[in-house]
$ cat input-v1.pdb   # PDB, C-alpha atoms
ATOM      1  CA  MET A   1      -6.831   0.739  21.228
ATOM      2  CA  ASN A   2      -8.706   2.764  18.613
ATOM      3  CA  ASP A   3     -11.455   0.553  17.134
ATOM      4  CA  ASN A   4     -10.609   1.922  13.680
ATOM      5  CA  ILE A   5      -7.079   0.471  13.835
ATOM      6  CA  LYS A   6      -6.882  -2.944  12.188
ATOM      7  CA  ILE A   7      -3.148  -3.599  12.669
ATOM      8  CA  SER A   8      -0.749  -1.796  14.978
ATOM      9  CA  CYS A   9       3.027  -2.304  15.008
ATOM     10  CA  LYS A  10       4.838  -1.120  18.123
ATOM     11  CA  ASN A  11       8.646  -0.854  18.221
ATOM     12  CA  ILE A  12       9.179  -3.699  15.759
ATOM     13  CA  TRP A  13      12.769  -4.845  15.313
ATOM     14  CA  LYS A  14      14.043  -7.624  13.090
ATOM     15  CA  LEU A  15      17.769  -8.196  13.368
ATOM     16  CA  TYR A  16      19.715 -11.028  11.787
ATOM     17  CA  GLY A  17      22.854 -12.220  13.550
ATOM     18  CA  GLU A  18      23.991 -14.094  16.627
ATOM     19  CA  ASN A  19      21.522 -13.796  19.541
ATOM     20  CA  PRO A  20      19.898 -10.514  18.413
ATOM     21  CA  GLU A  21      17.426 -10.556  21.323
ATOM     22  CA  LYS A  22      20.287 -10.364  23.831
ATOM     23  CA  PHE A  23      22.015  -7.648  21.803
ATOM     24  CA  LEU A  24      18.886  -5.463  21.708
ATOM     25  CA  ALA A  25      18.154  -5.920  25.413
ATOM     26  CA  ALA A  26      21.731  -5.064  26.333
ATOM     27  CA  ASN A  27      21.420  -1.801  24.412
ATOM     28  CA  ASP A  28      17.999  -0.718  25.754
ATOM     29  CA  TYR A  29      16.352  -1.637  22.435
ATOM     30  CA  ASN A  30      17.924   1.418  20.812
ATOM     31  CA  PRO A  31      21.371   0.516  19.423
ATOM     32  CA  SER A  32      23.076   2.997  17.123
ATOM     33  CA  THR A  33      23.685   2.274  13.459
ATOM     34  CA  ASN A  34      27.432   2.120  14.060
ATOM     35  CA  LEU A  35      27.021  -0.359  16.900
ATOM     36  CA  ILE A  36      24.701  -2.587  14.849
ATOM     37  CA  LYS A  37      27.219  -2.676  12.014
ATOM     38  CA  SER A  38      30.267  -3.141  14.273
ATOM     39  CA  GLU A  39      28.599  -6.138  15.930
ATOM     40  CA  LYS A  40      27.860  -7.572  12.477
ATOM     41  CA  TYR A  41      24.055  -7.542  12.723
ATOM     42  CA  ILE A  42      21.792  -6.974   9.729
ATOM     43  CA  PRO A  43      18.927  -4.589  10.591
ATOM     44  CA  ALA A  44      16.003  -5.682   8.391
ATOM     45  CA  VAL A  45      13.490  -3.601  10.389
ATOM     46  CA  ARG A  46      14.440  -0.973  12.962
ATOM     47  CA  ASP A  47      12.023   0.206  15.654
ATOM     48  CA  ALA A  48       9.040   0.389  13.292
ATOM     49  CA  ASN A  49       5.813   1.985  14.522
ATOM     50  CA  ILE A  50       2.776   2.131  12.231
ATOM     51  CA  ASP A  51      -1.004   1.834  12.541
ATOM     52  CA  VAL A  52      -3.001   0.429   9.638
ATOM     53  CA  MET A  53      -6.538   1.789   9.611
ATOM     54  CA  THR A  54      -9.598  -0.297   8.804
ATOM     55  CA  GLY A  55     -10.463  -0.091   5.107
ATOM     56  CA  GLU A  56      -7.361   1.811   3.979
ATOM     57  CA  ILE A  57      -4.781   0.922   1.331
ATOM     58  CA  LEU A  58      -1.372   1.367   2.954
ATOM     59  CA  VAL A  59       1.471   1.156   0.445
ATOM     60  CA  ILE A  60       4.987   0.376   1.687
ATOM     61  CA  MET A  61       7.851   1.551  -0.542
ATOM     62  CA  GLY A  62      11.611   1.471  -0.498
ATOM     63  CA  LEU A  63      14.644   0.301  -2.434
ATOM     64  CA  SER A  64      15.601  -3.361  -2.465
ATOM     65  CA  GLY A  65      16.754  -4.321   1.035
ATOM     66  CA  SER A  66      14.932  -1.424   2.720
ATOM     67  CA  GLY A  67      12.879  -3.788   4.905
ATOM     68  CA  LYS A  68       9.445  -3.430   3.346
ATOM     69  CA  SER A  69       8.798  -7.155   2.769
ATOM     70  CA  THR A  70      10.188  -8.030   6.188
ATOM     71  CA  LEU A  71       7.861  -5.525   7.856
ATOM     72  CA  LEU A  72       4.872  -6.974   5.988
ATOM     73  CA  ARG A  73       5.812 -10.470   7.125
ATOM     74  CA  CYS A  74       6.188  -9.258  10.706
ATOM     75  CA  MET A  75       2.686  -7.769  10.491
ATOM     76  CA  SER A  76       1.262 -11.181   9.639
ATOM     77  CA  LYS A  77       3.822 -12.990  11.830
ATOM     78  CA  LEU A  78       5.010 -15.044   8.911
ATOM     79  CA  ILE A  79       8.350 -14.241  10.479
ATOM     80  CA  GLU A  80       8.975 -13.616  14.167
ATOM     81  CA  PRO A  81      10.100 -10.070  15.073
ATOM     82  CA  THR A  82      13.210  -9.884  17.208
ATOM     83  CA  HIS A  83      11.402  -7.395  19.450
ATOM     84  CA  GLY A  84       8.146  -5.460  19.573
ATOM     85  CA  GLN A  85       4.411  -6.008  19.381
ATOM     86  CA  VAL A  86       1.977  -6.572  16.534
ATOM     87  CA  PHE A  87      -1.692  -6.119  17.357
ATOM     88  CA  PHE A  88      -4.352  -7.502  15.025
ATOM     89  CA  GLU A  89      -7.826  -6.266  15.970
ATOM     90  CA  GLY A  90      -6.423  -5.606  19.432
ATOM     91  CA  LYS A  91      -4.886  -9.065  19.877
ATOM     92  CA  ASP A  92      -1.106  -9.315  20.263
ATOM     93  CA  LEU A  93       0.015 -11.728  17.515
ATOM     94  CA  ILE A  94       3.416 -12.152  19.173
ATOM     95  CA  LYS A  95       1.725 -13.852  22.125
ATOM     96  CA  ALA A  96      -0.770 -15.827  20.031
ATOM     97  CA  THR A  97      -0.468 -19.616  19.975
ATOM     98  CA  GLN A  98       0.318 -21.421  16.745
ATOM     99  CA  LYS A  99      -3.272 -22.681  16.599
ATOM    100  CA  GLU A 100      -4.625 -19.130  17.011
ATOM    101  CA  LEU A 101      -2.293 -17.851  14.272
ATOM    102  CA  ILE A 102      -3.394 -20.578  11.873
ATOM    103  CA  GLU A 103      -7.042 -19.702  12.459
ATOM    104  CA  ILE A 104      -6.416 -15.969  11.951
ATOM    105  CA  ARG A 105      -4.487 -16.582   8.717
ATOM    106  CA  ARG A 106      -7.058 -19.038   7.385
ATOM    107  CA  HIS A 107     -10.083 -16.883   8.092
ATOM    108  CA  LYS A 108      -8.963 -13.246   8.332
ATOM    109  CA  MET A 109      -5.852 -12.780   6.179
ATOM    110  CA  GLY A 110      -5.393 -12.994   2.418
ATOM    111  CA  MET A 111      -1.914 -12.976   0.906
ATOM    112  CA  VAL A 112      -0.702 -12.415  -2.655
ATOM    113  CA  PHE A 113       2.977 -12.406  -3.549
ATOM    114  CA  GLN A 114       4.965 -11.670  -6.697
ATOM    115  CA  HIS A 115       5.292 -15.396  -7.402
ATOM    116  CA  PHE A 116       1.722 -16.498  -6.946
ATOM    117  CA  ALA A 117       2.484 -20.263  -7.045
ATOM    118  CA  LEU A 118      -0.653 -21.631  -8.651
ATOM    119  CA  LEU A 119      -0.990 -25.398  -8.464
ATOM    120  CA  PRO A 120      -0.295 -26.505 -12.075
ATOM    121  CA  HIS A 121      -2.288 -29.746 -11.842
ATOM    122  CA  ARG A 122      -5.424 -27.953 -10.620
ATOM    123  CA  THR A 123      -7.930 -25.952 -12.639
ATOM    124  CA  VAL A 124      -8.755 -22.302 -11.988
ATOM    125  CA  LEU A 125     -11.775 -23.376  -9.942
ATOM    126  CA  GLN A 126      -9.738 -25.861  -7.914
ATOM    127  CA  ASN A 127      -6.940 -23.351  -7.322
ATOM    128  CA  VAL A 128      -9.346 -20.709  -6.059
ATOM    129  CA  ALA A 129     -11.195 -23.215  -3.871
ATOM    130  CA  PHE A 130      -7.985 -24.625  -2.396
ATOM    131  CA  PRO A 131      -7.805 -22.447   0.763
ATOM    132  CA  LEU A 132     -11.438 -23.331   1.505
ATOM    133  CA  GLU A 133     -10.561 -27.001   1.089
ATOM    134  CA  VAL A 134      -7.816 -26.497   3.675
ATOM    135  CA  GLN A 135     -10.458 -25.035   6.006
ATOM    136  CA  GLY A 136     -12.454 -28.256   5.676
ATOM    137  CA  ILE A 137     -15.398 -26.697   3.813
ATOM    138  CA  ASP A 138     -17.374 -29.233   1.794
ATOM    139  CA  ARG A 139     -16.934 -29.352  -1.965
ATOM    140  CA  ASP A 140     -20.249 -27.819  -3.022
ATOM    141  CA  LYS A 141     -19.866 -24.804  -0.735
ATOM    142  CA  ARG A 142     -16.238 -24.140  -1.569
ATOM    143  CA  GLU A 143     -16.779 -24.428  -5.318
ATOM    144  CA  SER A 144     -19.832 -22.171  -5.134
ATOM    145  CA  ARG A 145     -17.766 -19.564  -3.280
ATOM    146  CA  ALA A 146     -14.895 -20.012  -5.745
ATOM    147  CA  GLU A 147     -17.237 -19.451  -8.703
ATOM    148  CA  ASP A 148     -18.459 -16.199  -7.128
ATOM    149  CA  VAL A 149     -14.913 -14.908  -6.666
ATOM    150  CA  ILE A 150     -13.822 -15.998 -10.143
ATOM    151  CA  LYS A 151     -16.676 -13.937 -11.548
ATOM    152  CA  LEU A 152     -15.656 -11.026  -9.326
ATOM    153  CA  VAL A 153     -12.146 -10.906 -10.827
ATOM    154  CA  GLY A 154     -13.408 -11.215 -14.402
ATOM    155  CA  LEU A 155     -12.476 -14.831 -15.172
ATOM    156  CA  GLU A 156     -15.952 -16.254 -15.626
ATOM    157  CA  GLY A 157     -15.876 -18.988 -18.292
ATOM    158  CA  ARG A 158     -12.301 -20.034 -17.474
ATOM    159  CA  GLU A 159     -13.089 -22.149 -14.399
ATOM    160  CA  LYS A 160     -11.857 -25.359 -16.088
ATOM    161  CA  TYR A 161      -8.669 -23.864 -17.516
ATOM    162  CA  TYR A 162      -5.280 -24.880 -16.127
ATOM    163  CA  PRO A 163      -2.671 -22.221 -15.209
ATOM    164  CA  ARG A 164      -0.585 -23.049 -18.304
ATOM    165  CA  GLU A 165      -3.561 -22.080 -20.479
ATOM    166  CA  LEU A 166      -3.776 -18.560 -19.007
ATOM    167  CA  SER A 167      -1.875 -15.345 -19.684
ATOM    168  CA  GLY A 168       0.264 -13.772 -16.967
ATOM    169  CA  GLY A 169      -2.451 -11.274 -16.110
ATOM    170  CA  GLN A 170      -5.073 -14.012 -15.932
ATOM    171  CA  GLN A 171      -2.851 -16.082 -13.655
ATOM    172  CA  GLN A 172      -2.472 -13.049 -11.405
ATOM    173  CA  ARG A 173      -6.264 -12.744 -11.248
ATOM    174  CA  VAL A 174      -6.436 -16.371 -10.118
ATOM    175  CA  GLY A 175      -3.976 -15.511  -7.353
ATOM    176  CA  LEU A 176      -6.126 -12.555  -6.294
ATOM    177  CA  ALA A 177      -9.273 -14.689  -6.405
ATOM    178  CA  ARG A 178      -7.680 -17.430  -4.324
ATOM    179  CA  SER A 179      -6.704 -14.936  -1.635
ATOM    180  CA  LEU A 180     -10.217 -13.451  -1.642
ATOM    181  CA  ALA A 181     -11.982 -16.810  -1.397
ATOM    182  CA  VAL A 182     -11.580 -16.862   2.394
ATOM    183  CA  GLU A 183     -13.174 -13.379   2.597
ATOM    184  CA  PRO A 184     -10.192 -11.909   4.478
ATOM    185  CA  ASP A 185     -10.407  -8.824   6.649
ATOM    186  CA  VAL A 186      -6.823  -7.888   5.731
ATOM    187  CA  TRP A 187      -5.151  -8.338   2.349
ATOM    188  CA  PHE A 188      -1.336  -8.505   2.191
ATOM    189  CA  LEU A 189       0.119  -7.955  -1.299
ATOM    190  CA  ASP A 190       3.884  -8.036  -1.870
ATOM    191  CA  GLU A 191       4.700  -6.588  -5.325
ATOM    192  CA  PRO A 192       1.891  -8.631  -6.895
ATOM    193  CA  PHE A 193       2.053  -6.907 -10.293
ATOM    194  CA  SER A 194       5.796  -6.375 -10.712
ATOM    195  CA  ALA A 195       6.280  -9.413 -12.980
ATOM    196  CA  LEU A 196       3.635  -8.210 -15.439
ATOM    197  CA  ASP A 197       4.255  -6.142 -18.563
ATOM    198  CA  PRO A 198       3.177  -2.457 -18.352
ATOM    199  CA  LEU A 199      -0.169  -2.805 -20.138
ATOM    200  CA  ILE A 200      -1.292  -5.812 -18.090
ATOM    201  CA  ARG A 201       0.010  -4.137 -14.943
ATOM    202  CA  LYS A 202      -2.156  -1.079 -15.599
ATOM    203  CA  GLU A 203      -5.118  -3.363 -16.221
ATOM    204  CA  MET A 204      -4.501  -5.204 -12.931
ATOM    205  CA  GLN A 205      -4.240  -1.904 -11.037
ATOM    206  CA  ASN A 206      -7.630  -0.917 -12.427
ATOM    207  CA  GLU A 207      -9.032  -4.316 -11.466
ATOM    208  CA  PHE A 208      -7.564  -3.976  -7.972
ATOM    209  CA  LEU A 209      -9.185  -0.570  -7.475
ATOM    210  CA  ARG A 210     -12.500  -1.906  -8.758
ATOM    211  CA  LEU A 211     -12.386  -4.782  -6.289
ATOM    212  CA  GLN A 212     -11.471  -2.464  -3.428
ATOM    213  CA  SER A 213     -14.363  -0.121  -4.244
ATOM    214  CA  MET A 214     -16.720  -3.067  -3.754
ATOM    215  CA  LEU A 215     -15.033  -4.970  -0.943
ATOM    216  CA  GLN A 216     -13.441  -2.212   1.194
ATOM    217  CA  LYS A 217     -10.651  -4.437   2.532
ATOM    218  CA  THR A 218      -7.800  -3.304   4.740
ATOM    219  CA  ILE A 219      -4.793  -3.620   2.432
ATOM    220  CA  ILE A 220      -1.031  -3.539   2.933
ATOM    221  CA  PHE A 221       0.547  -3.312  -0.529
ATOM    222  CA  ILE A 222       4.259  -3.344  -1.327
ATOM    223  CA  THR A 223       5.643  -1.782  -4.489
ATOM    224  CA  HIS A 224       8.815  -0.067  -5.655
ATOM    225  CA  ASP A 225       6.887   1.902  -8.300
ATOM    226  CA  PHE A 226       5.840   5.368  -7.114
ATOM    227  CA  ASP A 227       3.368   5.762  -9.995
ATOM    228  CA  GLU A 228       1.641   2.596  -8.797
ATOM    229  CA  ALA A 229       1.657   3.855  -5.217
ATOM    230  CA  ILE A 230       0.032   7.143  -6.265
ATOM    231  CA  ARG A 231      -2.760   5.296  -8.077
ATOM    232  CA  LEU A 232      -3.514   2.908  -5.239
ATOM    233  CA  ALA A 233      -2.553   4.333  -1.868
ATOM    234  CA  ASP A 234      -4.471   6.174   0.789
ATOM    235  CA  ARG A 235      -1.152   6.533   2.634
ATOM    236  CA  ILE A 236       2.422   5.678   1.679
ATOM    237  CA  VAL A 237       5.180   4.424   3.982
ATOM    238  CA  ILE A 238       8.740   5.112   2.797
ATOM    239  CA  MET A 239      11.424   2.801   4.243
ATOM    240  CA  ASN A 240      15.202   2.994   4.106
ATOM    241  CA  GLU A 241      17.693   0.594   5.715
ATOM    242  CA  GLY A 242      14.985  -0.863   7.954
ATOM    243  CA  ASN A 243      13.679   2.511   9.127
ATOM    244  CA  ILE A 244      10.279   4.033   8.450
ATOM    245  CA  VAL A 245      11.429   7.395   7.101
ATOM    246  CA  GLN A 246       8.076   9.053   6.380
ATOM    247  CA  VAL A 247       4.354   8.258   6.290
ATOM    248  CA  GLY A 248       1.834  10.381   4.395
ATOM    249  CA  ASN A 249      -0.243  10.683   1.269
ATOM    250  CA  ALA A 250       1.512  11.174  -2.067
ATOM    251  CA  GLU A 251       0.987  14.932  -2.071
ATOM    252  CA  GLU A 252       2.521  15.295   1.399
ATOM    253  CA  LEU A 253       5.569  13.262   0.409
ATOM    254  CA  ILE A 254       6.143  15.415  -2.657
ATOM    255  CA  THR A 255       5.506  18.824  -1.097
ATOM    256  CA  ASN A 256       7.223  18.134   2.206
ATOM    257  CA  PRO A 257       9.744  15.249   1.927
ATOM    258  CA  ALA A 258      11.315  14.289   5.252
ATOM    259  CA  ASN A 259      14.810  14.017   3.754
ATOM    260  CA  ASP A 260      16.792  13.666   0.523
ATOM    261  CA  TYR A 261      15.939   9.952   0.280
ATOM    262  CA  VAL A 262      12.204  10.698   0.072
ATOM    263  CA  ALA A 263      12.825  13.609  -2.295
ATOM    264  CA  GLU A 264      14.749  11.280  -4.629
ATOM    265  CA  PHE A 265      11.785   8.887  -4.687
ATOM    266  CA  THR A 266       9.410  11.615  -5.809
ATOM    267  CA  LYS A 267      11.569  13.731  -8.104
ATOM    268  CA  ASP A 268      10.344  12.310 -11.426
ATOM    269  CA  ILE A 269       6.617  12.417 -10.645
ATOM    270  CA  PRO A 270       4.656  14.947 -12.780
ATOM    271  CA  ARG A 271       3.655  17.449 -10.078
ATOM    272  CA  ALA A 272       0.750  18.916 -12.014
ATOM    273  CA  LYS A 273      -1.146  15.608 -12.043
ATOM    274  CA  LEU A 274      -0.692  15.052  -8.338
ATOM    275  CA  LEU A 275      -0.653  18.394  -6.553
ATOM    276  CA  SER A 276      -3.941  19.974  -5.562
ATOM    277  CA  VAL A 277      -4.643  23.674  -5.977
ATOM    278  CA  GLY A 278      -4.867  23.977  -2.200
ATOM    279  CA  SER A 279      -1.301  22.758  -1.757
ATOM    280  CA  ILE A 280       0.201  25.573  -3.865
ATOM    281  CA  MET A 281      -2.290  28.424  -3.451
ATOM    282  CA  ASN A 282      -1.495  31.793  -1.879
ATOM    283  CA  LYS A 283      -3.255  32.652   1.363
ATOM    284  CA  GLN A 284      -4.239  36.055   0.017
ATOM    285  CA  LYS A 285      -7.981  36.066  -0.702
ATOM    286  CA  ILE A 286      -9.274  37.771  -3.828
ATOM    287  CA  GLU A 287     -12.891  38.923  -3.984
ATOM    288  CA  GLY A 288     -14.650  39.382  -7.307
ATOM    289  CA  ALA A 289     -12.255  37.178  -9.258
ATOM    290  CA  GLU A 290     -13.464  36.180 -12.727
ATOM    291  CA  ILE A 291     -12.253  32.593 -12.258
ATOM    292  CA  LYS A 292     -12.890  30.403  -9.229
ATOM    293  CA  VAL A 293     -11.345  26.960  -8.741
ATOM    294  CA  SER A 294     -11.752  24.335  -6.040
ATOM    295  CA  GLN A 295      -8.899  23.793  -3.616
ATOM    296  CA  HIS A 296      -9.257  20.050  -4.300
ATOM    297  CA  ALA A 297      -8.793  20.317  -8.073
ATOM    298  CA  LYS A 298      -5.520  19.008  -9.484
ATOM    299  CA  VAL A 299      -3.229  21.618 -10.987
ATOM    300  CA  SER A 300      -3.303  19.814 -14.335
ATOM    301  CA  GLU A 301      -7.095  20.161 -14.454
ATOM    302  CA  ILE A 302      -7.155  23.951 -14.138
ATOM    303  CA  ALA A 303      -3.773  24.902 -15.627
ATOM    304  CA  LYS A 304      -5.003  25.846 -19.090
ATOM    305  CA  GLU A 305      -7.778  28.073 -17.761
ATOM    306  CA  ILE A 306      -5.404  29.945 -15.420
ATOM    307  CA  LEU A 307      -2.646  30.319 -18.005
ATOM    308  CA  MET A 308      -5.071  31.862 -20.517
ATOM    309  CA  ASN A 309      -6.261  34.466 -18.008
ATOM    310  CA  ASN A 310      -4.087  37.390 -16.926
ATOM    311  CA  ALA A 311      -5.735  37.841 -13.527
ATOM    312  CA  PRO A 312      -5.330  35.577 -10.466
ATOM    313  CA  ALA A 313      -8.078  33.052  -9.746
ATOM    314  CA  ALA A 314      -9.894  32.701  -6.428
ATOM    315  CA  VAL A 315      -9.618  29.340  -4.633
ATOM    316  CA  THR A 316     -12.704  28.015  -2.872
ATOM    317  CA  ASP A 317     -13.412  25.372  -0.227
ATOM    318  CA  ASP A 318     -16.235  22.804  -0.094
ATOM    319  CA  ASN A 319     -18.706  25.497   0.938
ATOM    320  CA  SER A 320     -17.709  27.844  -1.919
ATOM    321  CA  ASN A 321     -15.940  30.169   0.527
ATOM    322  CA  ILE A 322     -12.838  31.888  -0.858
ATOM    323  CA  VAL A 323      -9.775  30.593   0.988
ATOM    324  CA  GLY A 324      -6.938  31.847  -1.211
ATOM    325  CA  SER A 325      -5.773  32.603  -4.728
ATOM    326  CA  ILE A 326      -3.619  31.151  -7.472
ATOM    327  CA  THR A 327      -1.680  32.946 -10.195
ATOM    328  CA  LYS A 328      -0.280  32.148 -13.614
ATOM    329  CA  GLN A 329       3.214  32.086 -12.093
ATOM    330  CA  ASP A 330       2.134  29.490  -9.499
ATOM    331  CA  ILE A 331       1.053  27.219 -12.349
ATOM    332  CA  VAL A 332       4.256  27.813 -14.311
ATOM    333  CA  ASP A 333       6.356  26.950 -11.240
ATOM    334  CA  VAL A 334       4.598  23.589 -10.912
ATOM    335  CA  LEU A 335       4.657  22.725 -14.601
ATOM    336  CA  PHE A 336       8.355  23.427 -14.840
ATOM    337  CA  GLU A 337       9.149  22.066 -11.382
ATOM    338  CA  LYS A 338      10.648  25.165  -9.860
ATOM    339  CA  GLU A 339      13.232  24.239  -7.219
TER     340      GLU A 339
END

$ encode --input "input-v1.pdb" --output "C-alpha cells"
Amino acid sequence: MNDNIKISCKNIWKLYGENPEKFLAANDYNPSTNLIKSEKYIPAVRDANIDVMTGEILVIMGLSGSGKSTLLRCMSKLIEPTHGQVFFEGKDLIKATQKELIEIRRHKMGMVFQHFALLPHRTVLQNVAFPLEVQGIDRDKRESRAEDVIKLVGLEGREKYYPRELSGGQQQRVGLARSLAVEPDVWFLDEPFSALDPLIRKEMQNEFLRLQSMLQKTIIFITHDFDEAIRLADRIVIMNEGNIVQVGNAEELITNPANDYVAEFTKDIPRAKLLSVGSIMNKQKIEGAEIKVSQHAKVSEIAKEILMNNAPAAVTDDNSNIVGSITKQDIVDVLFEKE
C-alpha cells in the first residue's frame, strides 16, 4: 500500500436488515438498487472505495441519510461494516482485535461530533485531560499536556471554568482540545460546527484552519454546508443514498459535476470566488498582451482589470510561460453564471 495513504476503504458496505451478510454474499456483493429495496434492506453505505491521504482534509458531504456519518464510523470501526476492508496505516481494522482497536483509538484517533458531550462536573482542564486519564497517564503529565492544548485552541485563562460558564464556541474549542490531547494521527469530525451560530461558526473554521496549519493532521470532516467545505477541504466526497458519487476538489466538482445531484449541490456557489483563471481560459496563446494573469488566480481577483481592458489578457504558468488567454466575455460568463 502507498505509504502516503493513511486510511483506505475497500468495497465498504453497510446494510441494515435481516442477515445482510448472507444477502450480499448471495448476490456477489453487488446487488441492484431494486433488489435491495425489494428485500427491505436499508443501504447506509454501498460499495464505498476511498483513500485518505496523510495530512489532507477530506470533507464528506451529502443530504441527510446519504451515508456520510456511517462511512466515517466505518472508517474508525465505531460500527462494523457489513462487508469490505478498512486499512489504517496498512493494518486491516476489520481483522483487528478489540484490544488493538482500543489502543488505536486511544493513541491515534481523535473524534469530535456535533454534540461534544463535555462532562458538566469537570472543569475545562479536567475535560481536556480526561482521555489522557483514561490512558493511565499520571496527573501532572496529563494536566501539563492539557494546558498546552488549551492554549493552542485559545482558551488560556479558562482552565478552571465549567462548561456551563462557557459560550457555545468556547465549549466547541474544549471539544477540539480534548480530541487533540492524545496527539492523534487522524482527526474525525462529524458536523462539529453545525450547532453554532454563523459568526461563531466562521470563527471556529478560522481556528480549525489555524490549528491544521500547525499540526498537519489527517482529517475526515463531515458537513452539509458547501461553503464550509470550500474553505476547509483539500478534496470533497459527495455521497447520495449510500454511494460515493464524486470525489474531487471544489473547482472540479463545480466545473465538471458527475451528475445532476452534484450540480445541485454546487449551483448557488459564487463561481468567481472559486474558479481559477486556468479553469476557464482559452487555449489560444496571445503574445505581447498588455495584461498578464496567473492561471492560479481566482476569477474574482482579476475580473475588474480584465473588464476594464478591451483586449484579451495572456495567462501564464508558474514559470511565466504563456499557456492561454482570457477575454472580457469569459469573465462575464462566470460572473453571470452562463449555462

$ atom_distance --input "input-v1.pdb" --atom1 "atom CA of A:Met204" --atom2 "atom CA of A:Gly169"
7.2 Å

$ residues_around --input "input-v1.pdb" --residues "A:Ala303" --least-positions-apart "4" --cutoff "7 Å" --atoms "only C-alpha atoms" --output "list in words"
Val299, Leu307 and Ile331 of chain A

$ atom_distance --input "input-v1.pdb" --atom1 "atom CA of A:Lys91" --atom2 "atom CA of A:Glu56"
19.4 Å

$ residues_around --input "input-v1.pdb" --residues "A:Arg105" --least-positions-apart "3" --cutoff "10 Å" --atoms "only C-alpha atoms" --output "VMD selection string"
chain A and resid 76 to 78 100 to 102 108 to 111 182 184 to 186

$ resolve_selection --input "input-v1.pdb" --expression "the PyMOL selection byres ((chain A and resi 66) around 8)" --output "list of chain:residue names"
A:Ala44, A:Gly62, A:Leu63, A:Ser64, A:Gly65, A:Gly67, A:Lys68, A:Met239, A:Asn240, A:Glu241, A:Gly242, A:Asn243

$ resolve_selection --input "input-v1.pdb" --expression "the PyMOL selection byres ((chain A and resi 118) around 10)" --output "list in words"
His115, Phe116, Ala117, Leu119, Pro120, His121, Arg122, Thr123, Val124, Asn127, Val128, Tyr162, Pro163, Arg164, Gln171, Gln172, Val174, Gly175 and Arg178 of chain A

$ atom_distance --input "input-v1.pdb" --atom1 "atom CA of A:Ile322" --atom2 "atom CA of A:Ser294"
9.2 Å

$ closest_atom_pairs --input "input-v1.pdb" --of "stretch 15-134 of chain A" --to "stretch 210-232 of chain A" --cutoff "6 Å" --atoms "all atoms listed in the file" --output "Markdown table"
| residue | atom | partner | partner_atom | distance |
| --- | --- | --- | --- | --- |
| A:Thr54 | CA | A:Thr218 | CA | 5.4 |
| A:Gly55 | CA | A:Thr218 | CA | 4.2 |
| A:Glu56 | CA | A:Thr218 | CA | 5.2 |
| A:Ile57 | CA | A:Ile219 | CA | 4.7 |
| A:Leu58 | CA | A:Ile220 | CA | 4.9 |
| A:Val59 | CA | A:Phe221 | CA | 4.7 |
| A:Ile60 | CA | A:Ile222 | CA | 4.8 |
| A:Met61 | CA | A:His224 | CA | 5.4 |

$ resolve_selection --input "input-v1.pdb" --expression "the PyMOL selection byres ((chain A and resi 12) around 12)" --output "NGL selection string"
:A and (8-11 or 13-15 or 24 or 29-30 or 43-50 or 67 or 70-75 or 77 or 79-87 or 94 or 242-244)

$ closest_residue --input "input-v1.pdb" --among "A:Leu199, A:Ala233, A:Ala311, A:Leu125" --to "A:Lys160" --atoms "all atoms listed in the file"
A:Leu125

$ closest_atom_pairs --input "input-v1.pdb" --of "stretch 285-334 of chain A" --to "stretch 250-265 of chain A" --cutoff "12 Å" --atoms "only C-alpha atoms" --output "tab-separated table"
residue	atom	partner	partner_atom	distance
A:His296	CA	A:Glu251	CA	11.7
A:Lys298	CA	A:Glu251	CA	10.7
A:Val299	CA	A:Glu251	CA	11.9
A:Val334	CA	A:Thr255	CA	10.9

$ write_last_selection --input "input-v1.pdb" --atoms "C-alpha atoms" --output "mmCIF file, keeping the file's coordinate frame"
data_model
loop_
_atom_site.group_PDB
_atom_site.id
_atom_site.type_symbol
_atom_site.label_atom_id
_atom_site.label_comp_id
_atom_site.auth_asym_id
_atom_site.auth_seq_id
_atom_site.Cartn_x
_atom_site.Cartn_y
_atom_site.Cartn_z
ATOM 1 C CA HIS A 296 -9.257 20.050 -4.300
ATOM 2 C CA LYS A 298 -5.520 19.008 -9.484
ATOM 3 C CA VAL A 299 -3.229 21.618 -10.987
ATOM 4 C CA VAL A 334 4.598 23.589 -10.912
#

$ closest_residue --input "input-v1.pdb" --among "A:Leu335, A:Lys283, A:Ser179, A:Arg106" --to "A:Gly136" --atoms "all atoms listed in the file"
A:Arg106

$ closest_residue --input "input-v1.pdb" --among "A:Ile104, A:Gly248, A:Glu290, A:Leu274" --to "A:Arg235" --atoms "all atoms listed in the file"
A:Gly248

$ closest_residue --input "input-v1.pdb" --among "A:Asp268, A:Gly157, A:Ile326, A:Leu275" --to "A:Asn249" --atoms "all atoms listed in the file"
A:Leu275

$ axis_aligned_box --input "input-v1.pdb" --around "stretch 219-223 of chain A" --padding-each-side "8 Å" --output "AutoDock Vina command-line options"
--center_x 0.4 --center_y -2.7 --center_z -0.8 --size_x 26.4 --size_y 17.8 --size_z 23.4

$ closest_residue --input "input-v1.pdb" --among "A:Asp148, A:Asp190, A:Asp197, A:Asp234" --to "A:Ser167" --atoms "all atoms listed in the file"
A:Asp197
